[in-house]
$ cat query26.tsv   # TSV, C-alpha atoms
chain	number	residue	atom	x	y	z
A	1	MET	CA	-44.23	48.72	12.11
A	2	ILE	CA	-46.60	46.15	10.57
A	3	SER	CA	-48.84	44.43	13.09
A	4	GLY	CA	-48.44	40.67	13.42
A	5	PHE	CA	-52.18	40.25	13.01
A	6	ILE	CA	-52.17	42.03	9.66
A	7	SER	CA	-48.82	40.76	8.41
A	8	ARG	CA	-50.51	38.01	6.39
A	9	PHE	CA	-51.54	40.67	3.91
A	10	PHE	CA	-47.88	41.33	3.28
A	11	GLY	CA	-46.92	37.79	2.23
A	12	LYS	CA	-47.48	35.67	5.36
A	13	ALA	CA	-50.19	33.05	5.07
A	14	THR	CA	-50.49	32.03	8.73
A	15	MET	CA	-52.25	34.18	11.30
A	16	PRO	CA	-50.12	34.48	14.47
A	17	ALA	CA	-51.75	33.10	17.61
A	18	ILE	CA	-52.92	35.54	20.26
A	19	SER	CA	-50.27	35.53	22.96
A	20	GLU	CA	-51.34	34.98	26.56
A	21	GLU	CA	-49.73	38.25	27.62
A	22	LEU	CA	-51.58	40.30	25.02
A	23	TRP	CA	-54.86	38.47	25.66
A	24	GLN	CA	-54.74	39.15	29.39
A	25	ALA	CA	-53.75	42.78	28.83
A	26	THR	CA	-56.74	43.22	26.52
A	27	LEU	CA	-59.15	41.62	29.00
A	28	ALA	CA	-57.86	43.96	31.70
A	29	GLN	CA	-58.73	46.97	29.55
A	30	LEU	CA	-62.30	45.73	28.96
A	31	PRO	CA	-63.81	45.11	32.43
A	32	PHE	CA	-67.24	44.14	31.10
A	33	LEU	CA	-65.69	40.91	29.76
A	34	ALA	CA	-65.24	39.81	33.37
A	35	ARG	CA	-68.92	38.83	33.36
A	36	LEU	CA	-68.05	35.88	31.14
A	37	ASP	CA	-67.03	32.65	32.79
A	38	ASP	CA	-63.74	30.95	31.95
A	39	SER	CA	-65.31	28.74	29.31
A	40	ASP	CA	-66.98	31.67	27.54
A	41	ARG	CA	-63.78	33.71	27.62
A	42	GLN	CA	-61.91	30.81	26.01
A	43	ARG	CA	-64.58	30.53	23.30
A	44	LEU	CA	-64.34	34.28	22.78
A	45	ARG	CA	-60.59	33.97	22.36
A	46	GLU	CA	-60.99	31.25	19.73
A	47	LEU	CA	-63.69	33.23	17.95
A	48	THR	CA	-61.48	36.32	17.96
A	49	GLN	CA	-58.59	34.33	16.50
A	50	GLY	CA	-60.86	33.20	13.66
A	51	PHE	CA	-62.12	36.74	13.14
A	52	LEU	CA	-58.59	38.10	12.84
A	53	ALA	CA	-57.85	35.44	10.22
A	54	GLU	CA	-60.84	36.49	8.11
A	55	LYS	CA	-60.81	40.28	8.27
A	56	GLU	CA	-58.44	42.86	6.83
A	57	PHE	CA	-57.39	45.72	9.10
A	58	SER	CA	-56.04	48.92	7.61
A	59	ALA	CA	-55.31	52.38	9.01
A	60	THR	CA	-55.61	55.88	7.65
A	61	GLY	CA	-54.88	59.42	8.77
A	62	GLY	CA	-51.31	58.58	9.79
A	63	LEU	CA	-52.37	55.98	12.35
A	64	GLU	CA	-50.08	52.95	12.78
A	65	LEU	CA	-51.86	49.76	13.77
A	66	ASP	CA	-50.34	47.27	16.17
A	67	ASP	CA	-51.45	43.89	17.50
A	68	GLY	CA	-53.05	45.35	20.61
A	69	MET	CA	-55.23	47.71	18.61
A	70	CYS	CA	-56.41	45.00	16.23
A	71	LEU	CA	-57.14	42.65	19.12
A	72	ALA	CA	-59.06	45.28	21.10
A	73	ILE	CA	-61.37	45.88	18.14
A	74	ALA	CA	-61.69	42.21	17.24
A	75	VAL	CA	-62.56	40.93	20.71
A	76	GLN	CA	-65.25	43.57	21.23
A	77	GLY	CA	-66.64	42.90	17.77
A	78	CYS	CA	-66.80	39.17	18.49
A	79	LEU	CA	-68.63	39.52	21.80
A	80	PRO	CA	-72.06	40.03	20.17
A	81	VAL	CA	-71.64	36.84	18.12
A	82	LEU	CA	-70.17	34.73	20.92
A	83	ASN	CA	-73.21	32.44	20.76
A	84	LEU	CA	-74.15	33.20	17.15
A	85	GLY	CA	-70.92	32.39	15.31
A	86	LEU	CA	-68.59	34.13	12.86
A	87	GLU	CA	-70.88	33.31	9.94
A	88	TRP	CA	-72.94	36.30	11.02
A	89	TYR	CA	-70.01	38.49	9.91
A	90	ARG	CA	-69.53	36.85	6.51
A	91	GLY	CA	-70.00	38.91	3.36
A	92	TRP	CA	-67.63	41.72	4.30
A	93	VAL	CA	-63.92	41.90	5.07
A	94	GLY	CA	-62.45	45.35	5.70
A	95	ILE	CA	-62.02	47.30	8.94
A	96	ILE	CA	-60.61	50.80	8.45
A	97	VAL	CA	-59.28	52.46	11.59
A	98	TYR	CA	-59.02	56.25	11.85
A	99	PRO	CA	-57.01	57.96	14.58
A	100	ASP	CA	-60.00	60.07	15.64
A	101	GLU	CA	-63.44	61.11	14.43
A	102	PHE	CA	-63.71	61.44	10.67
A	103	VAL	CA	-65.88	63.20	8.13
A	104	ILE	CA	-68.37	61.40	5.88
A	105	PRO	CA	-69.93	63.25	2.91
A	106	ARG	CA	-73.73	62.92	2.95
A	107	THR	CA	-76.54	63.77	0.55
A	108	ILE	CA	-80.21	64.11	1.37
A	109	GLN	CA	-83.25	64.88	-0.76
A	110	ASP	CA	-85.90	67.16	0.75
A	111	ASP	CA	-89.64	67.02	0.15
A	112	ASP	CA	-89.29	69.29	-2.87
A	113	GLY	CA	-86.80	66.96	-4.52
A	114	ILE	CA	-83.81	69.23	-3.91
A	115	ILE	CA	-80.55	67.44	-3.14
A	116	HIS	CA	-78.53	68.81	-0.23
A	117	GLU	CA	-74.91	67.89	0.42
A	118	TYR	CA	-73.25	68.11	3.83
A	119	ASP	CA	-70.44	66.61	5.89
A	120	GLU	CA	-71.11	64.53	8.98
A	121	VAL	CA	-68.53	63.95	11.71
A	122	ALA	CA	-68.61	60.29	12.79
A	123	SER	CA	-66.86	57.99	15.23
A	124	GLY	CA	-67.92	54.88	13.34
A	125	GLU	CA	-69.74	53.77	10.24
A	126	ALA	CA	-70.94	50.36	9.06
A	127	TRP	CA	-71.57	49.87	5.36
A	128	GLY	CA	-73.87	47.11	4.20
A	129	GLY	CA	-71.72	44.58	2.35
A	130	GLY	CA	-68.73	46.89	2.71
A	131	PRO	CA	-66.11	47.84	5.27
A	132	LEU	CA	-66.55	49.00	8.83
A	133	LEU	CA	-64.98	52.38	9.67
A	134	ILE	CA	-64.04	53.22	13.24
A	135	SER	CA	-62.23	55.85	15.32
A	136	TRP	CA	-59.41	54.50	17.46
A	137	ARG	CA	-59.83	57.29	19.99
A	138	ASP	CA	-63.43	56.22	20.51
A	139	VAL	CA	-62.51	52.54	20.69
A	140	GLN	CA	-60.43	53.39	23.76
A	141	MET	CA	-63.50	54.83	25.55
A	142	ALA	CA	-65.03	51.37	26.02
A	143	GLY	CA	-66.11	50.34	29.50
A	144	THR	CA	-68.40	53.12	30.66
A	145	GLY	CA	-71.53	52.41	28.62
A	146	TYR	CA	-70.16	53.89	25.40
A	147	ASN	CA	-68.81	51.29	23.01
A	148	VAL	CA	-68.35	52.31	19.38
A	149	VAL	CA	-67.17	48.82	18.38
A	150	ILE	CA	-70.26	47.01	19.66
A	151	HIS	CA	-72.40	49.79	18.19
A	152	GLU	CA	-71.06	49.42	14.67
A	153	PHE	CA	-71.00	45.63	14.79
A	154	ALA	CA	-74.64	45.69	15.93
A	155	HIS	CA	-75.39	47.66	12.75
A	156	LYS	CA	-73.61	44.93	10.76
A	157	LEU	CA	-75.93	42.35	12.32
A	158	ASP	CA	-78.94	44.57	11.66
A	159	MET	CA	-77.97	44.85	7.97
A	160	ILE	CA	-77.88	41.12	7.32
A	161	ASN	CA	-81.56	41.12	6.34
A	162	GLY	CA	-81.58	44.49	4.56
A	163	GLU	CA	-81.30	48.15	5.49
A	164	ALA	CA	-80.58	48.88	9.15
A	165	ASP	CA	-83.96	49.24	10.86
A	166	GLY	CA	-83.38	47.87	14.35
A	167	VAL	CA	-84.68	44.41	13.44
A	168	PRO	CA	-81.86	41.90	12.85
A	169	PRO	CA	-82.54	38.31	11.75
A	170	LEU	CA	-84.55	36.88	14.63
A	171	PRO	CA	-84.31	33.40	16.18
A	172	PRO	CA	-87.16	30.90	15.75
A	173	GLY	CA	-90.02	31.61	18.10
A	174	LEU	CA	-89.41	35.34	18.24
A	175	SER	CA	-91.84	37.15	15.94
A	176	ARG	CA	-90.96	40.29	14.04
A	177	ASP	CA	-94.23	41.90	15.18
A	178	HIS	CA	-93.38	41.38	18.85
A	179	TRP	CA	-89.83	42.66	18.32
A	180	GLU	CA	-91.02	45.77	16.49
A	181	ARG	CA	-93.72	46.58	19.07
A	182	THR	CA	-91.26	46.25	21.93
A	183	LEU	CA	-88.50	48.14	20.13
A	184	LEU	CA	-90.74	51.02	19.09
A	185	ALA	CA	-92.36	51.31	22.53
A	186	ALA	CA	-88.94	51.65	24.16
A	187	TYR	CA	-87.71	53.94	21.39
A	188	ASP	CA	-90.72	56.27	21.70
A	189	ASP	CA	-90.40	56.33	25.49
A	190	PHE	CA	-86.74	57.27	25.26
A	191	ALA	CA	-87.47	60.01	22.70
A	192	GLU	CA	-90.04	61.50	25.09
A	193	LYS	CA	-87.58	61.35	28.00
A	194	LEU	CA	-84.93	63.01	25.84
A	195	ASP	CA	-87.32	65.86	24.94
A	196	ALA	CA	-88.16	66.35	28.61
A	197	ALA	CA	-84.49	66.31	29.57
A	198	ASP	CA	-83.68	68.88	26.90
A	199	LEU	CA	-86.39	71.20	28.23
A	200	ALA	CA	-85.06	70.81	31.76
A	201	ASP	CA	-81.45	71.19	30.58
A	202	GLU	CA	-80.67	67.74	32.00
A	203	GLU	CA	-78.86	64.69	30.65
A	204	THR	CA	-80.44	61.34	29.88
A	205	GLU	CA	-79.17	58.06	31.29
A	206	PHE	CA	-78.52	56.72	27.79
A	207	ASP	CA	-76.74	58.22	24.79
A	208	PRO	CA	-79.11	60.73	23.11
A	209	TYR	CA	-78.06	59.30	19.75
A	210	ALA	CA	-80.40	56.39	20.48
A	211	ALA	CA	-83.29	58.69	19.57
A	212	GLU	CA	-82.05	59.19	15.99
A	213	SER	CA	-83.89	56.14	14.65
A	214	PRO	CA	-84.94	52.61	15.67
A	215	ALA	CA	-81.72	51.34	14.07
A	216	GLU	CA	-79.62	53.62	16.28
A	217	PHE	CA	-81.70	52.69	19.30
A	218	PHE	CA	-80.93	49.02	18.68
A	219	ALA	CA	-77.20	49.77	18.31
A	220	VAL	CA	-76.97	52.02	21.39
A	221	MET	CA	-78.95	49.58	23.52
A	222	SER	CA	-76.67	46.78	22.35
A	223	GLU	CA	-73.80	48.82	23.83
A	224	GLU	CA	-75.76	49.08	27.07
A	225	PHE	CA	-76.67	45.39	27.01
A	226	PHE	CA	-73.05	44.27	27.07
A	227	GLU	CA	-71.54	47.09	29.15
A	228	MET	CA	-74.28	48.26	31.51
A	229	PRO	CA	-76.91	45.49	31.57
A	230	HIS	CA	-78.33	46.46	34.98
A	231	ARG	CA	-79.10	49.96	33.75
A	232	LEU	CA	-80.78	48.74	30.55
A	233	LYS	CA	-82.87	46.08	32.28
A	234	ALA	CA	-84.05	48.58	34.89
A	235	GLN	CA	-85.31	50.99	32.22
A	236	TYR	CA	-86.49	48.66	29.45
A	237	PRO	CA	-86.83	45.12	30.83
A	238	GLU	CA	-88.87	43.73	27.95
A	239	PHE	CA	-86.45	44.96	25.33
A	240	TYR	CA	-83.57	43.67	27.45
A	241	GLU	CA	-85.10	40.20	27.33
A	242	LEU	CA	-85.43	40.43	23.55
A	243	LEU	CA	-81.75	41.32	23.23
A	244	ALA	CA	-80.85	38.39	25.49
A	245	SER	CA	-82.89	36.11	23.22
A	246	PHE	CA	-81.28	37.51	20.08
A	247	TYR	CA	-77.68	37.44	21.33
A	248	ARG	CA	-78.33	34.11	23.13
A	249	LEU	CA	-76.59	35.56	26.15
A	250	ASP	CA	-77.67	37.22	29.39
A	251	PRO	CA	-74.84	39.28	30.91
A	252	LEU	CA	-76.69	39.45	34.22
A	253	THR	CA	-76.66	35.69	34.68
A	254	SER	CA	-73.04	35.15	33.61
A	255	LYS	CA	-70.62	34.38	36.42
A	256	PRO	CA	-66.84	34.96	36.15

$ encode --input "query26.tsv" --output "structure tokens"
Amino acid sequence: MISGFISRFFGKATMPAISEELWQATLAQLPFLARLDDSDRQRLRELTQGFLAEKEFSATGGLELDDGMCLAIAVQGCLPVLNLGLEWYRGWVGIIVYPDEFVIPRTIQDDDGIIHEYDEVASGEAWGGGPLLISWRDVQMAGTGYNVVIHEFAHKLDMINGEADGVPPLPPGLSRDHWERTLLAAYDDFAEKLDAADLADEETEFDPYAAESPAEFFAVMSEEFFEMPHRLKAQYPEFYELLASFYRLDPLTSKP
């Protein structure tokens, strides 16, 4: 069955409106959206409608997309730009949905100049200027501090001003130096805590993947910011405030 939200790519020019039933069902599956007040949720709905009209969803690996799947991805992807606007997602169109984790061929050059090829298993991947790839199984895990959609869309925002480095385009009054100092201080602290946890055979409060690079730290902490803001603010209050300034939203002050 062809999803109503993607049917325009098969000859229909008008994007179907999001039905009230489907909208409410989607909100019920994403409890962190309850922090938004009624006005913000309505703006999110309108933003999501515009997003669905601009982007092209496609599936691979035998997966069949339906309206609910497209909406679940779109609404979570639009949350980070609720107060920024859809123009932050211009310059790319495609969203490719896999049924589960997928394999991405990688190449790396070592210090001796030798090229090594390997396969990496991924749940999501954001390409600068290109499509966003995502695992549907992982999309369904949203709500417990792990959010692959917000993670990959945060990378898209990070890539607007070049390679992903954890420093997206910053608002006036927020210096790059201050952002980098705060980001790297939190990143280094988390890396140290992860090392200590590994030695003690314990788990960290946040996803260990945050220690991969400053870019991954920004993406993982963006997940935390929208899903588990209390936890993030308790651990890294200064970086939390920077994220609130960047996203122009403070989940802890929103009232449903």

$ residues_near_point --input "query26.tsv" --point "(-62.4, 50.7, 9.7)" --cutoff "8 Å" --atoms "only C-alpha atoms" --output "PDB file with C-alpha atoms, in the frame of the given file"
ATOM      1  CA  PHE A  57     -57.390  45.720   9.100  1.00  0.00           C
ATOM      2  CA  SER A  58     -56.040  48.920   7.610  1.00  0.00           C
ATOM      3  CA  ALA A  59     -55.310  52.380   9.010  1.00  0.00           C
ATOM      4  CA  GLY A  94     -62.450  45.350   5.700  1.00  0.00           C
ATOM      5  CA  ILE A  95     -62.020  47.300   8.940  1.00  0.00           C
ATOM      6  CA  ILE A  96     -60.610  50.800   8.450  1.00  0.00           C
ATOM      7  CA  VAL A  97     -59.280  52.460  11.590  1.00  0.00           C
ATOM      8  CA  TYR A  98     -59.020  56.250  11.850  1.00  0.00           C
ATOM      9  CA  GLY A 124     -67.920  54.880  13.340  1.00  0.00           C
ATOM     10  CA  GLU A 125     -69.740  53.770  10.240  1.00  0.00           C
ATOM     11  CA  PRO A 131     -66.110  47.840   5.270  1.00  0.00           C
ATOM     12  CA  LEU A 132     -66.550  49.000   8.830  1.00  0.00           C
ATOM     13  CA  LEU A 133     -64.980  52.380   9.670  1.00  0.00           C
ATOM     14  CA  ILE A 134     -64.040  53.220  13.240  1.00  0.00           C
ATOM     15  CA  SER A 135     -62.230  55.850  15.320  1.00  0.00           C
TER      16      SER A 135
END

$ closest_residue --input "query26.tsv" --among "A:Thr48, A:Leu71, A:Lys55, A:Ser123" --to "A:Gly85" --atoms "only C-alpha atoms"
A:Thr48

$ closest_residue --input "query26.tsv" --among "A:Ile73, A:Asp198, A:Leu79, A:Gly166" --to "A:Val139" --atoms "all atoms listed in the file"
A:Ile73

$ closest_residue --input "query26.tsv" --among "A:Leu33, A:Val75, A:Met141, A:Val220" --to "A:His155" --atoms "all atoms listed in the file"
A:Val220

$ atom_distance --input "query26.tsv" --atom1 "atom CA of A:Val148" --atom2 "atom CA of A:Pro208"
14.2 Å

$ residues_around --input "query26.tsv" --residues "A:Gly128" --least-positions-apart "4" --cutoff "8 Å" --atoms "all atoms listed in the file" --output "PyMOL selection string"
chain A and resi 156+159-160+163

$ closest_residue --input "query26.tsv" --among "A:Ala154, A:Met228, A:Leu242, A:Ala164" --to "A:Pro80" --atoms "all atoms listed in the file"
A:Ala154

$ residues_around --input "query26.tsv" --residues "A:Glu205" --least-positions-apart "2" --cutoff "10 Å" --atoms "all atoms listed in the file" --output "PDB file with C-alpha atoms, in the frame of the given file"
ATOM      1  CA  GLY A 145     -71.530  52.410  28.620  1.00  0.00           C
ATOM      2  CA  PHE A 190     -86.740  57.270  25.260  1.00  0.00           C
ATOM      3  CA  LYS A 193     -87.580  61.350  28.000  1.00  0.00           C
ATOM      4  CA  LEU A 194     -84.930  63.010  25.840  1.00  0.00           C
ATOM      5  CA  ALA A 197     -84.490  66.310  29.570  1.00  0.00           C
ATOM      6  CA  GLU A 202     -80.670  67.740  32.000  1.00  0.00           C
ATOM      7  CA  GLU A 203     -78.860  64.690  30.650  1.00  0.00           C
ATOM      8  CA  ASP A 207     -76.740  58.220  24.790  1.00  0.00           C
ATOM      9  CA  PRO A 208     -79.110  60.730  23.110  1.00  0.00           C
ATOM     10  CA  ARG A 231     -79.100  49.960  33.750  1.00  0.00           C
ATOM     11  CA  LEU A 232     -80.780  48.740  30.550  1.00  0.00           C
ATOM     12  CA  GLN A 235     -85.310  50.990  32.220  1.00  0.00           C
TER      13      GLN A 235
END

$ residues_around --input "query26.tsv" --residues "A:His178" --least-positions-apart "3" --cutoff "12 Å" --atoms "only C-alpha atoms" --output "ChimeraX atom specification"
/A:167,170,173-175,181-185,238-239,241-242

$ atom_distance --input "query26.tsv" --atom1 "atom CA of A:Gly162" --atom2 "atom CA of A:Ile114"
26.2 Å

$ closest_atom_pairs --input "query26.tsv" --of "stretch 26-131 of chain A" --to "stretch 243-247 of chain A" --cutoff "9 Å" --atoms "only C-alpha atoms" --output "JSON lines"
{"residue": "A:Pro80", "atom": "CA", "partner": "A:Tyr247", "partner_atom": "CA", "distance": 6.3}
{"residue": "A:Val81", "atom": "CA", "partner": "A:Tyr247", "partner_atom": "CA", "distance": 6.9}
{"residue": "A:Leu82", "atom": "CA", "partner": "A:Tyr247", "partner_atom": "CA", "distance": 8.0}
{"residue": "A:Asn83", "atom": "CA", "partner": "A:Tyr247", "partner_atom": "CA", "distance": 6.7}
{"residue": "A:Leu84", "atom": "CA", "partner": "A:Tyr247", "partner_atom": "CA", "distance": 6.9}

$ atom_distance --input "query26.tsv" --atom1 "atom CA of A:Glu101" --atom2 "atom CA of A:Ala122"
5.5 Å

$ build_atoms --input "query26.tsv" --residues "stretch 27-62 of chain A" --atoms "N, CA and C atoms" --output "mmCIF file, keeping the file's coordinate frame"
data_model
loop_
_atom_site.group_PDB
_atom_site.id
_atom_site.type_symbol
_atom_site.label_atom_id
_atom_site.label_comp_id
_atom_site.auth_asym_id
_atom_site.auth_seq_id
_atom_site.Cartn_x
_atom_site.Cartn_y
_atom_site.Cartn_z
ATOM 1 N N LEU A 27 -58.047 41.871 28.069
ATOM 2 C CA LEU A 27 -59.150 41.620 29.000
ATOM 3 C C LEU A 27 -59.147 42.649 30.128
ATOM 4 N N ALA A 28 -57.969 43.000 30.599
ATOM 5 C CA ALA A 28 -57.860 43.960 31.700
ATOM 6 C C ALA A 28 -58.365 45.339 31.311
ATOM 7 N N GLN A 29 -58.269 45.669 30.036
ATOM 8 C CA GLN A 29 -58.730 46.970 29.550
ATOM 9 C C GLN A 29 -60.229 46.998 29.297
ATOM 10 N N LEU A 30 -60.877 45.831 29.293
ATOM 11 C CA LEU A 30 -62.300 45.730 28.960
ATOM 12 C C LEU A 30 -63.021 45.034 30.113
ATOM 13 N N PRO A 31 -63.295 45.742 31.202
ATOM 14 C CA PRO A 31 -63.810 45.110 32.430
ATOM 15 C C PRO A 31 -65.143 44.399 32.252
ATOM 16 N N PHE A 32 -65.950 44.788 31.275
ATOM 17 C CA PHE A 32 -67.240 44.140 31.100
ATOM 18 C C PHE A 32 -67.095 42.680 30.657
ATOM 19 N N LEU A 33 -65.921 42.302 30.138
ATOM 20 C CA LEU A 33 -65.690 40.910 29.760
ATOM 21 C C LEU A 33 -65.545 40.001 30.978
ATOM 22 N N ALA A 34 -65.363 40.603 32.144
ATOM 23 C CA ALA A 34 -65.240 39.810 33.370
ATOM 24 C C ALA A 34 -66.544 39.106 33.722
ATOM 25 N N ARG A 35 -67.650 39.514 33.110
ATOM 26 C CA ARG A 35 -68.920 38.830 33.360
ATOM 27 C C ARG A 35 -68.952 37.439 32.744
ATOM 28 N N LEU A 36 -68.097 37.198 31.772
ATOM 29 C CA LEU A 36 -68.050 35.880 31.140
ATOM 30 C C LEU A 36 -67.326 34.901 32.035
ATOM 31 N N ASP A 37 -67.766 33.646 32.036
ATOM 32 C CA ASP A 37 -67.030 32.650 32.790
ATOM 33 C C ASP A 37 -65.807 32.198 31.992
ATOM 34 N N ASP A 38 -64.991 31.353 32.592
ATOM 35 C CA ASP A 38 -63.740 30.950 31.950
ATOM 36 C C ASP A 38 -63.984 30.271 30.610
ATOM 37 N N SER A 39 -65.002 29.448 30.547
ATOM 38 C CA SER A 39 -65.310 28.740 29.310
ATOM 39 C C SER A 39 -65.708 29.707 28.201
ATOM 40 N N ASP A 40 -66.547 30.683 28.537
ATOM 41 C CA ASP A 40 -66.980 31.670 27.540
ATOM 42 C C ASP A 40 -65.810 32.537 27.076
ATOM 43 N N ARG A 41 -64.926 32.895 28.015
ATOM 44 C CA ARG A 41 -63.780 33.710 27.620
ATOM 45 C C ARG A 41 -62.853 32.921 26.689
ATOM 46 N N GLN A 42 -62.731 31.618 26.906
ATOM 47 C CA GLN A 42 -61.910 30.810 26.010
ATOM 48 C C GLN A 42 -62.559 30.713 24.636
ATOM 49 N N ARG A 43 -63.879 30.560 24.592
ATOM 50 C CA ARG A 43 -64.580 30.530 23.300
ATOM 51 C C ARG A 43 -64.452 31.875 22.587
ATOM 52 N N LEU A 44 -64.505 32.948 23.368
ATOM 53 C CA LEU A 44 -64.340 34.280 22.780
ATOM 54 C C LEU A 44 -62.953 34.430 22.186
ATOM 55 N N ARG A 45 -61.961 33.904 22.872
ATOM 56 C CA ARG A 45 -60.590 33.970 22.360
ATOM 57 C C ARG A 45 -60.467 33.222 21.035
ATOM 58 N N GLU A 46 -61.046 32.038 20.964
ATOM 59 C CA GLU A 46 -60.990 31.250 19.730
ATOM 60 C C GLU A 46 -61.760 31.938 18.605
ATOM 61 N N LEU A 47 -62.899 32.511 18.948
ATOM 62 C CA LEU A 47 -63.690 33.230 17.950
ATOM 63 C C LEU A 47 -62.926 34.435 17.426
ATOM 64 N N THR A 48 -62.271 35.154 18.334
ATOM 65 C CA THR A 48 -61.480 36.320 17.960
ATOM 66 C C THR A 48 -60.321 35.935 17.055
ATOM 67 N N GLN A 49 -59.681 34.816 17.353
ATOM 68 C CA GLN A 49 -58.590 34.330 16.500
ATOM 69 C C GLN A 49 -59.108 34.069 15.077
ATOM 70 N N GLY A 50 -60.276 33.442 14.975
ATOM 71 C CA GLY A 50 -60.860 33.200 13.660
ATOM 72 C C GLY A 50 -61.248 34.484 12.952
ATOM 73 N N PHE A 51 -61.746 35.438 13.706
ATOM 74 C CA PHE A 51 -62.120 36.740 13.140
ATOM 75 C C PHE A 51 -60.900 37.443 12.556
ATOM 76 N N LEU A 52 -59.814 37.451 13.305
ATOM 77 C CA LEU A 52 -58.590 38.100 12.840
ATOM 78 C C LEU A 52 -58.058 37.439 11.568
ATOM 79 N N ALA A 53 -58.308 36.148 11.412
ATOM 80 C CA ALA A 53 -57.850 35.440 10.220
ATOM 81 C C ALA A 53 -58.692 35.775 8.997
ATOM 82 N N GLU A 54 -59.926 36.238 9.220
ATOM 83 C CA GLU A 54 -60.840 36.490 8.110
ATOM 84 C C GLU A 54 -60.882 37.945 7.671
ATOM 85 N N LYS A 55 -60.616 38.866 8.574
ATOM 86 C CA LYS A 55 -60.810 40.280 8.270
ATOM 87 C C LYS A 55 -59.499 40.979 7.943
ATOM 88 N N GLU A 56 -59.601 42.061 7.217
ATOM 89 C CA GLU A 56 -58.440 42.860 6.830
ATOM 90 C C GLU A 56 -58.486 44.205 7.562
ATOM 91 N N PHE A 57 -57.510 44.450 8.398
ATOM 92 C CA PHE A 57 -57.390 45.720 9.100
ATOM 93 C C PHE A 57 -56.494 46.659 8.296
ATOM 94 N N SER A 58 -56.897 47.910 8.210
ATOM 95 C CA SER A 58 -56.040 48.920 7.610
ATOM 96 C C SER A 58 -56.243 50.230 8.365
ATOM 97 N N ALA A 59 -55.254 51.106 8.287
ATOM 98 C CA ALA A 59 -55.310 52.380 9.010
ATOM 99 C C ALA A 59 -55.201 53.533 8.030
ATOM 100 N N THR A 60 -55.695 54.678 8.466
ATOM 101 C CA THR A 60 -55.610 55.880 7.650
ATOM 102 C C THR A 60 -55.341 57.066 8.565
ATOM 103 N N GLY A 61 -55.102 58.224 7.977
ATOM 104 C CA GLY A 61 -54.880 59.420 8.770
ATOM 105 C C GLY A 61 -53.584 59.414 9.555
ATOM 106 N N GLY A 62 -52.595 58.628 9.100
ATOM 107 C CA GLY A 62 -51.310 58.580 9.790
ATOM 108 C C GLY A 62 -51.260 57.633 10.970
#
